[in-house]
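Here the structure is laid out as structure tokens; the discussion comes afterwards.
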Amino acid sequence: MLAYLVEPFDGHSSGDGDAEFGIVPDDVDRDPTFEDLDERVFREYARHLAGDRGLKQNTVQTYYRYISAWCGWCVNEGYLEAHYAQRASAIAPLPEDDGRKPGDQQAWTSEQRHALTRYVDERTRDAIETYTTLPDDTAPVDMQRARYAALKAARDRALVFVLAYTAVRVGE
């Protein structure tokens, strides 16, 4: 699903297809790179999604969350220096109110997402650090337990990120 949305983002950013702008100047003959991405690119893409394309508000928000999750992954992997997609001016063009009552909230709030992802990030980091810093004379069974704990924490982290950034209802 993410590839389904990253490809149109790439096309939009490249100025291909029905895109209204590209992030690489017209007189430069190259594809966009991570260095070309900034807050402006995500703001323009949010405007593109929120524009008159026949998408419902929840769909626009979901599509942007996918791109935002990809941006977060790029930050975690060191491809980007900042999470440009989450900056206030980048998300300003997105629809905010979809007419639901507060209890029927479709998406996680920003605070909920950050609290959850921060918690699993710390837990995963601790588990991996525990495993990778075990002394050489550690018993094999203890080494296996620490490795299992690190793998389980990494799996849980991936699951939480998918749930937090894909518009799953809070109750789900």
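Here, A, B, ... name the chains of the structure tokens in the order displayed, residue numbers run from 1 inside each chain, and ligands are numbered from 1 in the same displayed order.
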
Would you give me, as a PyMOL selection string, the residues in segment 71-149 of chain A that DSSP reads as helix (DSSP H, G or I)? chain A and resi 71-76+84-86+88-91+102-104+110-132+140-149

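With only C-alpha atoms as the atoms that count, the residue of A:Glu35, A:Ala127, A:Arg65, A:Arg157 with the shortest distance to Met143 of chain A is A:Ala127.
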
Find the spatial neighbours of segment 147-156 of chain A, counting only C-alpha atoms, within a cut-off of 6 Å - ignore same-chain residues fewer than 5 positions away - and output them as a CSV table (one decimal) with N, CA and C atoms, in the first residue's frame.
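The resulting around-v8.csv:
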```
chain,number,residue,atom,x,y,z
A,124,THR,N,12.7,-0.6,22.2
A,124,THR,CA,13.5,-1.3,21.2
A,124,THR,C,15.0,-1.0,21.4
A,127,ALA,N,16.4,-2.8,24.3
A,127,ALA,CA,16.5,-4.3,24.1
A,127,ALA,C,17.7,-4.6,23.2
A,128,ILE,N,17.9,-3.8,22.2
A,128,ILE,CA,19.0,-4.0,21.2
A,128,ILE,C,20.3,-3.7,21.9
A,131,TYR,N,21.3,-6.5,24.2
A,131,TYR,CA,21.8,-7.7,23.5
A,131,TYR,C,23.2,-7.4,22.9
```

From the set A:Ala69, A:Phe42, A:Glu77, A:Glu129, which residue has the shortest atom-to-atom contact distance to Ser89 of chain A, counting only C-alpha atoms? A:Phe42

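Using only C-alpha atoms, the nearest neighbour of Leu80 of chain A within the list A:Phe34, A:Tyr165, A:Tyr119, A:Tyr63 is A:Phe34.
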
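Using only C-alpha atoms, the smallest distance between any of A:Arg113, A:Val75, A:Tyr64, A:Lys56 and Val162 of chain A comes from A:Arg113.
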
Counting only C-alpha atoms, what is within 7 Å of segment 45-47 of chain A, bar same-chain residues fewer than 5 positions away, as a list in words? Tyr64, Ile91, Pro93 and Leu94 of chain A

Could you name the residues that touch Pro95 of chain A at 8 Å or less, counting only C-alpha atoms, but leaving out those on the same chain fewer than 4 positions away, as a ChimeraX atom specification? /A:50,57,60-61

Only N, CA, C and O atoms, please: the residues just picked out, written as a CSV table (one decimal), in the first residue's frame.
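Listing of out24.csv after writing:
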```csv
chain,number,residue,atom,x,y,z
A,50,ALA,N,-5.4,17.7,-0.9
A,50,ALA,CA,-6.6,18.4,-0.4
A,50,ALA,C,-7.4,19.1,-1.5
A,50,ALA,O,-8.5,19.5,-1.2
A,57,GLN,N,-12.2,13.6,2.9
A,57,GLN,CA,-11.3,14.1,3.9
A,57,GLN,C,-10.5,13.0,4.6
A,57,GLN,O,-9.3,13.1,4.8
A,60,VAL,N,-7.8,11.7,2.2
A,60,VAL,CA,-6.7,12.7,2.1
A,60,VAL,C,-5.8,12.5,3.3
A,60,VAL,O,-4.6,12.5,3.2
A,61,GLN,N,-6.4,12.5,4.5
A,61,GLN,CA,-5.6,12.4,5.7
A,61,GLN,C,-4.9,11.1,5.8
A,61,GLN,O,-3.7,11.0,6.2
```
